[in-house]
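A.B. asks: My questions will all concern the structure given below.
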Protein chains: 2
Amino acid sequence: MSPRRRQWALSDASQRARQERALNSLYGLAEDIYTQLDKGRIPQMAIPLRTKSNISFDEKKGVWKYGKGRGQRSAKKLRGAKMLLRTLHVLGFIKGMIDGDRSSTLRELYYISEGWDIAKFSTQDESNLLAEDLEILTGSLREDFRLRPEEDGARVLGDLTLEEVTRRGDPKRFNCKDDVGDSGYGIPFNVEEEKLRLLDCDADFVLAVETGGMFDRLVENRFDEDARAILVHVKGQPARATRRFLKRLSENMGLDCVTFCDGDPWSFRIYASIAYGAIKTAHISEYLATPTASFLGITASDILNYRLPSDDLSPQDVKALQDIRSDPRFNDPFWKDEVTLMLDIGKKAEQQALAKYGLDFVTETYLPEKLAALGVLG
Amino acid sequence: MSPRRRQWALSDASQRARQERALNSLYGLAEDIYTQLDKGRIPQMAIPLRTKSNISFDEKKGVWKYGKGRGQRSAKKLRGAKMLLRTLHVLGFIKGMIDGDRSSTLRELYYISEGWDIAKFSTQDESNLLAEDLEILTGSLREDFRLRPEEDGARVLGDLTLEEVTRRGDPKRFNCKDDVGDSGYGIPFNVEEEKLRLLDCDADFVLAVETGGMFDRLVENRFDEDARAILVHVKGQPARATRRFLKRLSENMGLDCVTFCDGDPWSFRIYASIAYGAIKTAHISEYLATPTASFLGITASDILNYRLPSDDLSPQDVKALQDIRSDPRFNDPFWKDEVTLMLDIGKKAEQQALAKYGLDFVTETYLPEKLAALGVLG
C-alpha cells in the first residue's frame, strides 16, 4: 500500500444530526405559520431576496453567497396566500417521504401538486423555486428533503473504494477500478454520507473531464493507473451530485481537483461552477464548490503552444468571453491573460483536438506537461 | 431458479469470423483501388446512394433498408480524389487500431486527419459519413472498425448476468441487480459479443425507459423485482450501443422488449428507432432494430383514460405528428388511432405526469394494467 493512500471515516452521529435538523427546520416553518394564524395575524414568511443585487462573491471563502436582503411572502394577496398554502403542502409531502424512506424528482413534485386543488403549481419553475426557497430558509439541502434532480450523475474510474447504501438499505462496497466495467461507477443522485461513504483512495488527484470521448480515451490509455488519478466524467455542466462528489473527494480524501475541459467560454463556466459555485445555487455554494480546483486546459495558450486544430469564435463566444472578463469569479491574472489571448487569436479548441498528434499524445505528453506545470504531477 | 430463467452461450468462432471479415473487407477495398491504379485506370469506388429515394421500408423484416441505387466516387475530380485518399488513410488508421487493440471516437478520427496533409477532413460530418460509407461497403459495423460514438450508453438494472471484457482483457462478471449501485450497470460503447456476453437472465421482459427520473422511480419502487423486469434507461434518443443491447436482450435472451416513453411525437420516434431503425442507420437496421418491441405509453388514450396532466401540442409537435402519419414505420391501426387522437385532443403528456396519483401509481396501477393489455404481464 502506498504511503500516499488516504483513509477517512466519519461518525454517523453528525449525519443523523443533519437529517434531524432538516426535519426540525421544516416543522419550525409550519409552526411559525400556525402561530401567526393562532394569534389572528395574516401569516407571512421572510425569504432571502434571490435577485442579482443580493448575491456577492465571498472573497475569503472564494464562493458565491446570498446577502442579507429579505422579502416578505404574505397571505394578504392571493398570490402570496397560494404560495404559503403550497409551501405547507410541500412540507407535508416531504415529511411523508422522510417517514416512508422515499424520494422524488422535482418533476414528480410538480405533478404531485395536481392533487392539491387550488394549491397546485402552475409551472415546474414554481415548484423548483420553492424547493430552493426551502433550502435557503432551512440551511438544509434539497437532498435532505428527498427531492432530486433529473440529471444523470457522473461516472468514476480509479482506485477509490466507496460504500453505497443501496435501495435495500444494504451497504455495498465498490472499488471504482476493480469492481466496475469500462463505463465506470455511476454515482447515485444522492452522494451525502448516509448514502455514499468514501472509504479509501490510492491516488494523488481527481481529474474532472468534460466529454465522454476524452473520458473513454483516458480509460483506454489507463491514465488513472499511470498517473495515479481518479477520473470523473462530469458530462458537460455538472449536476449537483457531481459537484458535491468532487468536493467530497477533495475535502474528505485530500485530493487535488483538476478540471480538463474544452477550450471555450462555456467550458470555462463548467470550471467556475465546480470551483466557485453557480449563481443559481449561491445558497449552498459551501456544499457544492471546490475552491481549490484548478483549470488545466484547454487554454488559449495551449492552442498556440501545441498548435491545436481550432475553430473561429462565434459572436456568442465573444460575448461570453467578455462577460467572463467582468465576472468576479474569473478575477485573477491567469484568467485575465487567457481570456484576453483567446479574444486576440479569435479561436477555440476542443479537448479531443489533441488527437492531431495521435491517440496517446494526451496521456503521454499533454497531461503530464500541464499537470507538472500545476505542480500536481512530476 | 425459476423455470423461466434463460441461459445462452455463443461460440467464440462466429465472433472471430466477424472480426476477420471486417479486416478482410477493408483489405479488399484497398486492393480494389490498388488494382485499378496498377492497370493504369483512374480509380473509383461504387457506394450505395444514401438519398431518401434509395431507402425503403422492408415490410417483411420490419426495418428500414437501402435500395440498390449506387453512385461512383471517382478520382477524376479533385473532390472525389480527395475522398479516395482519405478513405485509404482511414483504412490504415483502422488497421493500426485493430492491430494495437485500440479504439477511437469519431471526433478523434476527425482530428487525427490533421496529420494527413491535403487528405484532412474539412468537417466532422465528412469523417462521420465516411465511417458510415465503410459500414455500407463492407457490411461490417463501425464497432468492428474500433470507431465509437460520443454518446453515453444505457444504464441497466435487473436480474441479468453478463460478462464484460474490460480494458485489461479480463472477463468480469456482473449481475445487474446484485453487483451494482442504484445507478445500475453502465453499458460500454461496444456491446458486441467479444466485449459483452449475456450469460443469464431471470426476468420476463425488458422495459426501455426514456427519462432518468422515471428509471430512478422504478428502481426505488423495485419494479424490476416485483414485475420480473430488466430496466434499461435509454436516455432520450438511444445511442447505437443501447439499441444493439436491447436487440441482443430480445434476441439472445428471448425477452419481450417494451418501451415506456413520454407521450409526444419525439418519444414516438424513440420507439421507432428502437423497433424499426432510423433512416440514418438504414444499412445496419438488422443489427440495431428490435422489430418485436412494443410501445406501452404514454399514449393519447392514456391522457384521457388516466386523466393525466398534459400540455398543449406546439406547432412543431403537430407538424411532427403529421409527419408520423405518412411514415411507413407507423402504418398500423394502433399508431393511426393514437396519432389521430393526439391531434384531436391537442395534448401531450410526460411519463412522470403519472405522479399526479402519488409515487406508487406508476408501478402499482399504470404499468401492471398496460403490461397486461400488451399480454406481457398478468
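In the C-alpha cells, chains take the letters A, B, ... in the order shown, each chain's residues start at 1, and ligands count up from 1 in the order shown.
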Skipping near chain neighbours, those fewer than 6 positions away, what residues fall within 9 Å of Leu29 of chain B using only C-alpha atoms, listed as a ChimeraX atom specification?
C.D. replies: /B:45,88,91,137-138
A.B. asks: Now that the selection is made, can you save its residues with N, CA and C atoms as a CSV table (one decimal), in the first residue's frame?
C.D. replies:
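Resulting contents of part38.csv:
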```csv
chain,number,residue,atom,x,y,z
B,45,MET,N,-14.8,4.1,-56.8
B,45,MET,CA,-15.4,3.3,-55.8
B,45,MET,C,-17.0,3.4,-55.9
B,88,LEU,N,-8.3,5.8,-48.0
B,88,LEU,CA,-7.1,5.0,-47.8
B,88,LEU,C,-6.4,5.3,-46.4
B,91,LEU,N,-8.5,3.6,-43.8
B,91,LEU,CA,-8.2,2.2,-43.7
B,91,LEU,C,-7.0,1.9,-43.0
B,137,LEU,N,-20.2,-0.4,-47.3
B,137,LEU,CA,-19.4,-1.1,-48.3
B,137,LEU,C,-18.9,-2.4,-47.9
B,138,THR,N,-18.7,-2.6,-46.6
B,138,THR,CA,-18.1,-3.8,-46.1
B,138,THR,C,-19.2,-4.7,-45.4
```
A.B. asks: Least-squares fit on all C-alpha atoms, paired in order: put chain A onto chain B and return it as a CSV table (one decimal) with C-alpha atoms, in the first residue's frame.
C.D. replies:
```
chain,number,residue,atom,x,y,z
A,1,MET,CA,-34.2,-20.9,-10.0
A,2,SER,CA,-37.3,-20.0,-12.0
A,3,PRO,CA,-38.2,-22.2,-14.9
A,4,ARG,CA,-38.4,-19.0,-17.0
A,5,ARG,CA,-34.7,-18.4,-16.4
A,6,ARG,CA,-32.9,-18.3,-19.7
A,7,GLN,CA,-29.4,-19.3,-20.5
A,8,TRP,CA,-27.5,-18.6,-23.6
A,9,ALA,CA,-23.9,-19.0,-24.9
A,10,LEU,CA,-22.4,-18.3,-28.3
A,11,SER,CA,-19.3,-19.9,-29.7
A,12,ASP,CA,-16.3,-17.7,-30.0
A,13,ALA,CA,-15.7,-18.9,-33.5
A,14,SER,CA,-18.5,-16.8,-35.2
A,15,GLN,CA,-17.1,-13.8,-33.4
A,16,ARG,CA,-13.6,-14.2,-34.6
A,17,ALA,CA,-15.0,-14.8,-38.0
A,18,ARG,CA,-16.8,-11.4,-37.9
A,19,GLN,CA,-13.7,-9.6,-36.9
A,20,GLU,CA,-11.6,-11.2,-39.6
A,21,ARG,CA,-14.3,-10.5,-42.2
A,22,ALA,CA,-14.2,-6.8,-41.2
A,23,LEU,CA,-10.4,-6.6,-41.7
A,24,ASN,CA,-10.5,-8.6,-44.9
A,25,SER,CA,-13.1,-6.4,-46.4
A,26,LEU,CA,-11.0,-3.3,-45.6
A,27,TYR,CA,-8.0,-5.0,-47.4
A,28,GLY,CA,-10.4,-5.7,-50.3
A,29,LEU,CA,-11.2,-2.0,-50.7
A,30,ALA,CA,-7.6,-1.0,-50.7
A,31,GLU,CA,-6.7,-3.8,-53.1
A,32,ASP,CA,-9.4,-2.8,-55.4
A,33,ILE,CA,-8.1,0.7,-55.7
A,34,TYR,CA,-4.5,-0.6,-56.0
A,35,THR,CA,-5.5,-2.9,-58.9
A,36,GLN,CA,-7.2,0.0,-60.8
A,37,LEU,CA,-4.1,2.1,-60.4
A,38,ASP,CA,-1.9,-0.8,-61.4
A,39,LYS,CA,-3.9,-1.2,-64.6
A,40,GLY,CA,-3.4,2.5,-65.4
A,41,ARG,CA,-7.1,3.3,-64.7
A,42,ILE,CA,-8.3,6.3,-62.7
A,43,PRO,CA,-9.6,4.6,-59.5
A,44,GLN,CA,-13.1,4.8,-58.5
A,45,MET,CA,-15.4,3.2,-55.8
A,46,ALA,CA,-19.1,2.3,-56.0
A,47,ILE,CA,-21.1,3.4,-53.0
A,48,PRO,CA,-24.8,2.8,-52.4
A,49,LEU,CA,-26.7,6.1,-52.8
A,50,ARG,CA,-27.7,7.4,-49.4
A,51,THR,CA,-30.5,9.5,-50.7
A,52,LYS,CA,-34.1,9.3,-49.3
A,53,SER,CA,-35.2,7.8,-52.7
A,54,ASN,CA,-32.9,4.9,-52.1
A,55,ILE,CA,-34.3,3.9,-48.8
A,56,SER,CA,-37.3,1.8,-48.3
A,57,PHE,CA,-39.1,0.1,-45.6
A,58,ASP,CA,-38.7,-3.7,-45.7
A,59,GLU,CA,-42.2,-4.8,-44.7
A,60,LYS,CA,-41.1,-8.4,-44.2
A,61,LYS,CA,-38.2,-7.7,-41.9
A,62,GLY,CA,-40.0,-4.6,-40.5
A,63,VAL,CA,-36.9,-2.4,-40.8
A,64,TRP,CA,-35.5,0.4,-43.0
A,65,LYS,CA,-33.1,-0.7,-45.7
A,66,TYR,CA,-31.1,0.8,-48.5
A,67,GLY,CA,-32.1,0.0,-52.1
A,68,LYS,CA,-29.8,-1.0,-55.0
A,69,GLY,CA,-29.0,2.6,-56.2
A,70,ARG,CA,-25.3,3.1,-56.5
A,71,GLY,CA,-23.1,6.2,-57.1
A,72,GLN,CA,-19.5,6.3,-58.3
A,73,ARG,CA,-16.8,8.1,-56.3
A,74,SER,CA,-14.0,8.7,-58.9
A,75,ALA,CA,-10.6,10.3,-58.7
A,76,LYS,CA,-11.3,12.1,-61.9
A,77,LYS,CA,-12.4,15.2,-60.0
A,78,LEU,CA,-10.4,16.8,-57.2
A,79,ARG,CA,-13.2,16.2,-54.6
A,80,GLY,CA,-13.5,12.5,-55.5
A,81,ALA,CA,-9.7,12.0,-55.5
A,82,LYS,CA,-9.5,13.6,-52.0
A,83,MET,CA,-12.2,11.3,-50.7
A,84,LEU,CA,-10.4,8.2,-52.1
A,85,LEU,CA,-7.2,9.4,-50.5
A,86,ARG,CA,-9.0,10.0,-47.2
A,87,THR,CA,-10.5,6.5,-47.4
A,88,LEU,CA,-7.1,5.0,-47.8
A,89,HIS,CA,-5.8,6.9,-44.8
A,90,VAL,CA,-8.8,5.8,-42.7
A,91,LEU,CA,-8.2,2.2,-43.8
A,92,GLY,CA,-4.6,2.5,-42.5
A,93,PHE,CA,-5.7,4.1,-39.3
A,94,ILE,CA,-8.3,1.4,-38.6
A,95,LYS,CA,-5.8,-1.3,-39.3
A,96,GLY,CA,-3.5,0.2,-36.8
A,97,MET,CA,-6.2,0.3,-34.2
A,98,ILE,CA,-7.2,-3.3,-34.8
A,99,ASP,CA,-3.5,-4.4,-34.6
A,100,GLY,CA,-2.9,-2.4,-31.5
A,101,ASP,CA,-6.2,-3.3,-29.8
A,102,ARG,CA,-7.1,0.4,-29.6
A,103,SER,CA,-10.3,2.3,-30.4
A,104,SER,CA,-11.1,5.9,-31.1
A,105,THR,CA,-14.1,8.3,-31.2
A,106,LEU,CA,-15.4,9.6,-34.4
A,107,ARG,CA,-14.2,13.0,-33.3
A,108,GLU,CA,-10.7,11.8,-32.7
A,109,LEU,CA,-10.7,10.3,-36.2
A,110,TYR,CA,-11.5,13.8,-37.5
A,111,TYR,CA,-8.7,15.4,-35.6
A,112,ILE,CA,-6.3,12.5,-36.4
A,113,SER,CA,-6.7,13.5,-40.1
A,114,GLU,CA,-4.9,16.8,-39.3
A,115,GLY,CA,-1.7,14.8,-39.9
A,116,TRP,CA,-2.8,13.7,-43.4
A,117,ASP,CA,-1.9,16.9,-45.2
A,118,ILE,CA,-4.3,17.5,-48.2
A,119,ALA,CA,-6.3,14.4,-47.2
A,120,LYS,CA,-7.5,16.0,-43.9
A,121,PHE,CA,-11.3,16.3,-43.4
A,122,SER,CA,-12.8,19.7,-43.6
A,123,THR,CA,-15.6,18.9,-41.2
A,124,GLN,CA,-16.6,16.2,-38.8
A,125,ASP,CA,-19.6,15.4,-41.0
A,126,GLU,CA,-17.2,14.3,-43.7
A,127,SER,CA,-15.4,11.8,-41.4
A,128,ASN,CA,-18.7,10.6,-39.9
A,129,LEU,CA,-20.1,9.9,-43.4
A,130,LEU,CA,-17.0,8.1,-44.5
A,131,ALA,CA,-17.3,5.8,-41.4
A,132,GLU,CA,-20.9,5.1,-42.5
A,133,ASP,CA,-19.8,4.5,-46.1
A,134,LEU,CA,-17.3,1.9,-44.9
A,135,GLU,CA,-20.0,0.1,-43.0
A,136,ILE,CA,-22.2,0.1,-46.1
A,137,LEU,CA,-19.3,-1.1,-48.4
A,138,THR,CA,-18.1,-3.8,-46.1
A,139,GLY,CA,-21.3,-5.0,-44.3
A,140,SER,CA,-19.4,-4.7,-41.1
A,141,LEU,CA,-20.1,-2.5,-38.1
A,142,ARG,CA,-18.3,0.7,-37.2
A,143,GLU,CA,-17.6,-1.0,-33.8
A,144,ASP,CA,-15.6,-3.7,-35.8
A,145,PHE,CA,-13.5,-0.8,-37.1
A,146,ARG,CA,-12.9,0.3,-33.5
A,147,LEU,CA,-14.7,3.6,-34.1
A,148,ARG,CA,-17.1,4.7,-31.4
A,149,PRO,CA,-19.5,7.5,-30.9
A,150,GLU,CA,-19.5,10.1,-28.1
A,151,GLU,CA,-22.9,9.1,-26.7
A,152,ASP,CA,-23.2,7.6,-23.3
A,153,GLY,CA,-24.6,4.1,-23.1
A,154,ALA,CA,-27.6,3.0,-21.2
A,155,ARG,CA,-27.9,2.1,-17.5
A,156,VAL,CA,-29.3,-1.3,-16.7
A,157,LEU,CA,-30.9,-2.7,-13.6
A,158,GLY,CA,-32.4,-6.1,-13.1
A,159,ASP,CA,-31.5,-9.8,-12.7
A,160,LEU,CA,-29.3,-10.1,-15.8
A,161,THR,CA,-25.8,-11.6,-15.5
A,162,LEU,CA,-23.3,-10.6,-18.1
A,163,GLU,CA,-19.6,-10.7,-18.6
A,164,GLU,CA,-17.6,-7.6,-19.8
A,165,VAL,CA,-14.1,-8.0,-21.2
A,166,THR,CA,-12.6,-4.9,-19.6
A,167,ARG,CA,-9.7,-2.8,-20.9
A,168,ARG,CA,-7.2,-5.2,-19.3
A,169,GLY,CA,-8.7,-8.1,-21.3
A,170,ASP,CA,-10.1,-9.8,-18.3
A,171,PRO,CA,-13.7,-11.0,-18.5
A,172,LYS,CA,-15.5,-9.6,-15.5
A,173,ARG,CA,-18.9,-10.9,-14.5
A,174,PHE,CA,-21.7,-8.6,-13.2
A,175,ASN,CA,-25.2,-9.3,-12.1
A,176,CYS,CA,-27.1,-6.1,-12.9
A,177,LYS,CA,-29.0,-6.3,-9.7
A,178,ASP,CA,-26.6,-7.6,-7.1
A,179,ASP,CA,-23.2,-6.2,-8.3
A,180,VAL,CA,-24.2,-2.6,-9.0
A,181,GLY,CA,-25.3,0.5,-7.1
A,182,ASP,CA,-28.6,2.2,-7.6
A,183,SER,CA,-27.3,3.9,-10.7
A,184,GLY,CA,-27.2,0.5,-12.4
A,185,TYR,CA,-24.7,-1.1,-14.7
A,186,GLY,CA,-23.4,1.3,-17.4
A,187,ILE,CA,-23.1,-0.5,-20.7
A,188,PRO,CA,-19.8,0.2,-22.6
A,189,PHE,CA,-19.8,1.7,-26.0
A,190,ASN,CA,-19.2,-1.7,-27.6
A,191,VAL,CA,-21.7,-4.3,-26.7
A,192,GLU,CA,-20.7,-6.9,-29.3
A,193,GLU,CA,-20.1,-10.4,-28.2
A,194,GLU,CA,-16.3,-10.1,-27.9
A,195,LYS,CA,-16.8,-7.3,-25.4
A,196,LEU,CA,-20.1,-8.2,-23.7
A,197,ARG,CA,-21.5,-11.7,-23.2
A,198,LEU,CA,-25.1,-12.1,-21.9
A,199,LEU,CA,-24.9,-15.1,-19.7
A,200,ASP,CA,-28.1,-15.5,-17.7
A,201,CYS,CA,-31.3,-13.7,-17.1
A,202,ASP,CA,-34.1,-14.2,-14.6
A,203,ALA,CA,-36.8,-11.9,-16.0
A,204,ASP,CA,-39.7,-11.9,-18.3
A,205,PHE,CA,-39.2,-8.7,-20.2
A,206,VAL,CA,-37.1,-5.6,-20.8
A,207,LEU,CA,-38.6,-2.2,-20.1
A,208,ALA,CA,-36.8,0.6,-22.0
A,209,VAL,CA,-37.5,3.8,-20.1
A,210,GLU,CA,-37.0,7.3,-21.7
A,211,THR,CA,-36.3,9.5,-18.7
A,212,GLY,CA,-33.8,9.2,-15.8
A,213,GLY,CA,-36.5,10.4,-13.4
A,214,MET,CA,-38.8,7.5,-14.3
A,215,PHE,CA,-35.9,5.0,-14.3
A,216,ASP,CA,-35.0,6.0,-10.8
A,217,ARG,CA,-38.6,5.9,-9.7
A,218,LEU,CA,-38.9,2.3,-11.0
A,219,VAL,CA,-35.7,1.4,-9.3
A,220,GLU,CA,-36.8,2.9,-6.0
A,221,ASN,CA,-40.1,1.1,-6.2
A,222,ARG,CA,-38.3,-2.1,-7.0
A,223,PHE,CA,-40.4,-2.7,-10.1
A,224,ASP,CA,-37.6,-4.9,-11.6
A,225,GLU,CA,-38.1,-7.4,-8.7
A,226,ASP,CA,-41.9,-7.2,-8.5
A,227,ALA,CA,-42.5,-7.4,-12.2
A,228,ARG,CA,-39.5,-9.6,-13.2
A,229,ALA,CA,-38.3,-6.8,-15.5
A,230,ILE,CA,-34.9,-5.7,-16.7
A,231,LEU,CA,-34.9,-1.9,-16.6
A,232,VAL,CA,-32.9,0.0,-19.2
A,233,HIS,CA,-32.6,3.8,-19.1
A,234,VAL,CA,-32.3,4.7,-22.8
A,235,LYS,CA,-31.5,8.4,-22.1
A,236,GLY,CA,-33.8,10.0,-24.7
A,237,GLN,CA,-32.9,9.1,-28.3
A,238,PRO,CA,-31.0,5.9,-27.7
A,239,ALA,CA,-27.3,5.6,-28.7
A,240,ARG,CA,-26.3,2.8,-31.1
A,241,ALA,CA,-24.9,0.7,-28.3
A,242,THR,CA,-28.2,1.0,-26.4
A,243,ARG,CA,-30.3,-0.1,-29.4
A,244,ARG,CA,-27.9,-3.0,-30.1
A,245,PHE,CA,-28.0,-4.0,-26.4
A,246,LEU,CA,-31.9,-4.0,-26.5
A,247,LYS,CA,-31.8,-6.1,-29.6
A,248,ARG,CA,-29.4,-8.6,-28.1
A,249,LEU,CA,-31.5,-8.9,-24.9
A,250,SER,CA,-34.6,-9.5,-27.1
A,251,GLU,CA,-32.9,-11.9,-29.5
A,252,ASN,CA,-30.4,-13.8,-27.4
A,253,MET,CA,-32.3,-13.9,-24.1
A,254,GLY,CA,-35.8,-14.2,-25.7
A,255,LEU,CA,-37.1,-11.2,-23.7
A,256,ASP,CA,-40.1,-9.1,-24.8
A,257,CYS,CA,-39.0,-5.5,-25.3
A,258,VAL,CA,-41.4,-2.8,-24.1
A,259,THR,CA,-40.8,0.9,-24.4
A,260,PHE,CA,-42.1,3.4,-21.9
A,261,CYS,CA,-41.7,7.0,-23.0
A,262,ASP,CA,-43.3,10.4,-22.7
A,263,GLY,CA,-46.5,10.9,-24.7
A,264,ASP,CA,-45.4,13.2,-27.6
A,265,PRO,CA,-44.2,12.7,-31.2
A,266,TRP,CA,-40.5,12.9,-30.3
A,267,SER,CA,-40.9,10.0,-27.9
A,268,PHE,CA,-42.8,8.1,-30.5
A,269,ARG,CA,-39.7,8.5,-32.6
A,270,ILE,CA,-37.6,7.0,-29.9
A,271,TYR,CA,-39.8,4.0,-30.0
A,272,ALA,CA,-39.5,3.8,-33.8
A,273,SER,CA,-35.7,4.0,-33.7
A,274,ILE,CA,-35.7,1.1,-31.3
A,275,ALA,CA,-38.3,-1.0,-33.1
A,276,TYR,CA,-37.7,-0.2,-36.8
A,277,GLY,CA,-34.3,1.5,-37.1
A,278,ALA,CA,-33.5,5.1,-38.2
A,279,ILE,CA,-33.1,6.3,-41.7
A,280,LYS,CA,-29.5,7.4,-40.9
A,281,THR,CA,-28.5,3.9,-40.0
A,282,ALA,CA,-30.7,2.0,-42.5
A,283,HIS,CA,-27.7,0.0,-43.6
A,284,ILE,CA,-27.4,-1.7,-40.2
A,285,SER,CA,-31.1,-1.8,-39.2
A,286,GLU,CA,-30.8,-5.6,-38.9
A,287,TYR,CA,-28.2,-5.2,-36.2
A,288,LEU,CA,-29.9,-2.4,-34.3
A,289,ALA,CA,-33.6,-2.7,-34.7
A,290,THR,CA,-35.9,-4.8,-32.4
A,291,PRO,CA,-39.0,-5.2,-34.6
A,292,THR,CA,-40.9,-7.1,-31.9
A,293,ALA,CA,-40.6,-4.1,-29.5
A,294,SER,CA,-43.9,-2.7,-28.4
A,295,PHE,CA,-44.9,0.8,-27.3
A,296,LEU,CA,-46.6,0.8,-23.9
A,297,GLY,CA,-47.2,4.5,-23.4
A,298,ILE,CA,-47.8,7.3,-22.7
A,299,THR,CA,-50.5,7.3,-25.4
A,300,ALA,CA,-53.2,9.8,-26.2
A,301,SER,CA,-55.6,7.3,-24.8
A,302,ASP,CA,-53.7,7.2,-21.6
A,303,ILE,CA,-54.1,11.0,-21.3
A,304,LEU,CA,-57.9,10.5,-21.4
A,305,ASN,CA,-58.2,7.2,-19.6
A,306,TYR,CA,-56.0,8.2,-16.7
A,307,ARG,CA,-56.9,11.9,-16.8
A,308,LEU,CA,-53.2,12.8,-16.9
A,309,PRO,CA,-51.9,16.4,-16.5
A,310,SER,CA,-51.0,17.4,-20.0
A,311,ASP,CA,-49.6,20.3,-22.1
A,312,ASP,CA,-50.9,21.8,-25.3
A,313,LEU,CA,-49.3,20.5,-28.5
A,314,SER,CA,-47.0,23.1,-30.0
A,315,PRO,CA,-47.1,23.8,-33.8
A,316,GLN,CA,-43.8,21.7,-34.0
A,317,ASP,CA,-45.5,18.8,-32.2
A,318,VAL,CA,-48.5,19.0,-34.7
A,319,LYS,CA,-46.1,19.1,-37.6
A,320,ALA,CA,-44.2,16.1,-36.2
A,321,LEU,CA,-47.4,14.1,-35.7
A,322,GLN,CA,-48.5,14.8,-39.2
A,323,ASP,CA,-45.1,13.6,-40.5
A,324,ILE,CA,-45.6,10.4,-38.4
A,325,ARG,CA,-48.9,9.8,-40.2
A,326,SER,CA,-47.1,9.5,-43.5
A,327,ASP,CA,-44.2,7.5,-42.0
A,328,PRO,CA,-44.4,3.8,-43.1
A,329,ARG,CA,-43.0,2.7,-39.8
A,330,PHE,CA,-46.2,3.9,-38.1
A,331,ASN,CA,-48.5,2.4,-40.7
A,332,ASP,CA,-50.7,0.3,-38.5
A,333,PRO,CA,-54.1,0.7,-36.8
A,334,PHE,CA,-52.7,1.3,-33.3
A,335,TRP,CA,-50.5,4.3,-34.3
A,336,LYS,CA,-53.1,5.7,-36.7
A,337,ASP,CA,-55.7,5.8,-33.9
A,338,GLU,CA,-53.3,7.2,-31.3
A,339,VAL,CA,-51.8,9.8,-33.6
A,340,THR,CA,-55.3,10.9,-34.7
A,341,LEU,CA,-56.5,11.1,-31.2
A,342,MET,CA,-53.5,13.1,-30.0
A,343,LEU,CA,-54.1,15.6,-32.8
A,344,ASP,CA,-57.8,15.7,-31.9
A,345,ILE,CA,-57.3,16.4,-28.2
A,346,GLY,CA,-54.3,18.6,-28.9
A,347,LYS,CA,-52.5,17.4,-25.8
A,348,LYS,CA,-49.3,15.7,-24.9
A,349,ALA,CA,-48.1,14.3,-21.5
A,350,GLU,CA,-44.9,13.3,-19.7
A,351,GLN,CA,-44.4,9.9,-18.2
A,352,GLN,CA,-43.8,11.5,-14.8
A,353,ALA,CA,-47.3,13.0,-15.0
A,354,LEU,CA,-48.5,9.7,-13.5
A,355,ALA,CA,-47.1,11.1,-10.2
A,356,LYS,CA,-50.5,13.0,-10.0
A,357,TYR,CA,-51.8,9.9,-8.2
A,358,GLY,CA,-48.7,9.5,-6.0
A,359,LEU,CA,-45.3,8.0,-6.3
A,360,ASP,CA,-46.6,4.4,-6.4
A,361,PHE,CA,-49.3,4.7,-9.0
A,362,VAL,CA,-47.0,4.0,-11.9
A,363,THR,CA,-45.8,0.7,-10.5
A,364,GLU,CA,-48.9,-0.4,-8.7
A,365,THR,CA,-51.6,0.6,-11.3
A,366,TYR,CA,-50.5,2.0,-14.6
A,367,LEU,CA,-47.7,-0.4,-15.6
A,368,PRO,CA,-49.5,-3.6,-14.5
A,369,GLU,CA,-52.6,-2.5,-16.4
A,370,LYS,CA,-50.8,-1.6,-19.5
A,371,LEU,CA,-48.5,-4.6,-19.5
A,372,ALA,CA,-51.5,-6.9,-19.1
A,373,ALA,CA,-53.1,-5.3,-22.1
A,374,LEU,CA,-50.0,-6.0,-24.1
A,375,GLY,CA,-50.0,-9.6,-22.9
A,376,VAL,CA,-46.6,-9.2,-21.2
A,377,LEU,CA,-47.8,-9.4,-17.6
A,378,GLY,CA,-50.8,-10.8,-15.9
```
A.B. asks: Apply DSSP to the backbone of this structure and, from segment 68-281 of chain A, keep only the residues in strand (DSSP E); write these as JSON, numbers by chain.
C.D. replies: {"A": [70, 71, 72, 73, 74, 104, 105, 147, 148, 155, 156, 157, 160, 161, 162, 163, 164, 165, 171, 172, 173, 174, 175, 185, 186, 196, 197, 198, 199, 200, 201, 205, 206, 207, 208, 209, 229, 230, 231, 232, 233, 256, 257, 258, 259, 260]}
A.B. asks: Can you pull out every residue from segment 214-319 of chain A that DSSP, working from the backbone, puts in helix (DSSP H, G or I), and format the result as a PyMOL selection string?
C.D. replies: chain A and resi 214-220+223-226+240-252+265-275+279-288+300-305+315-319
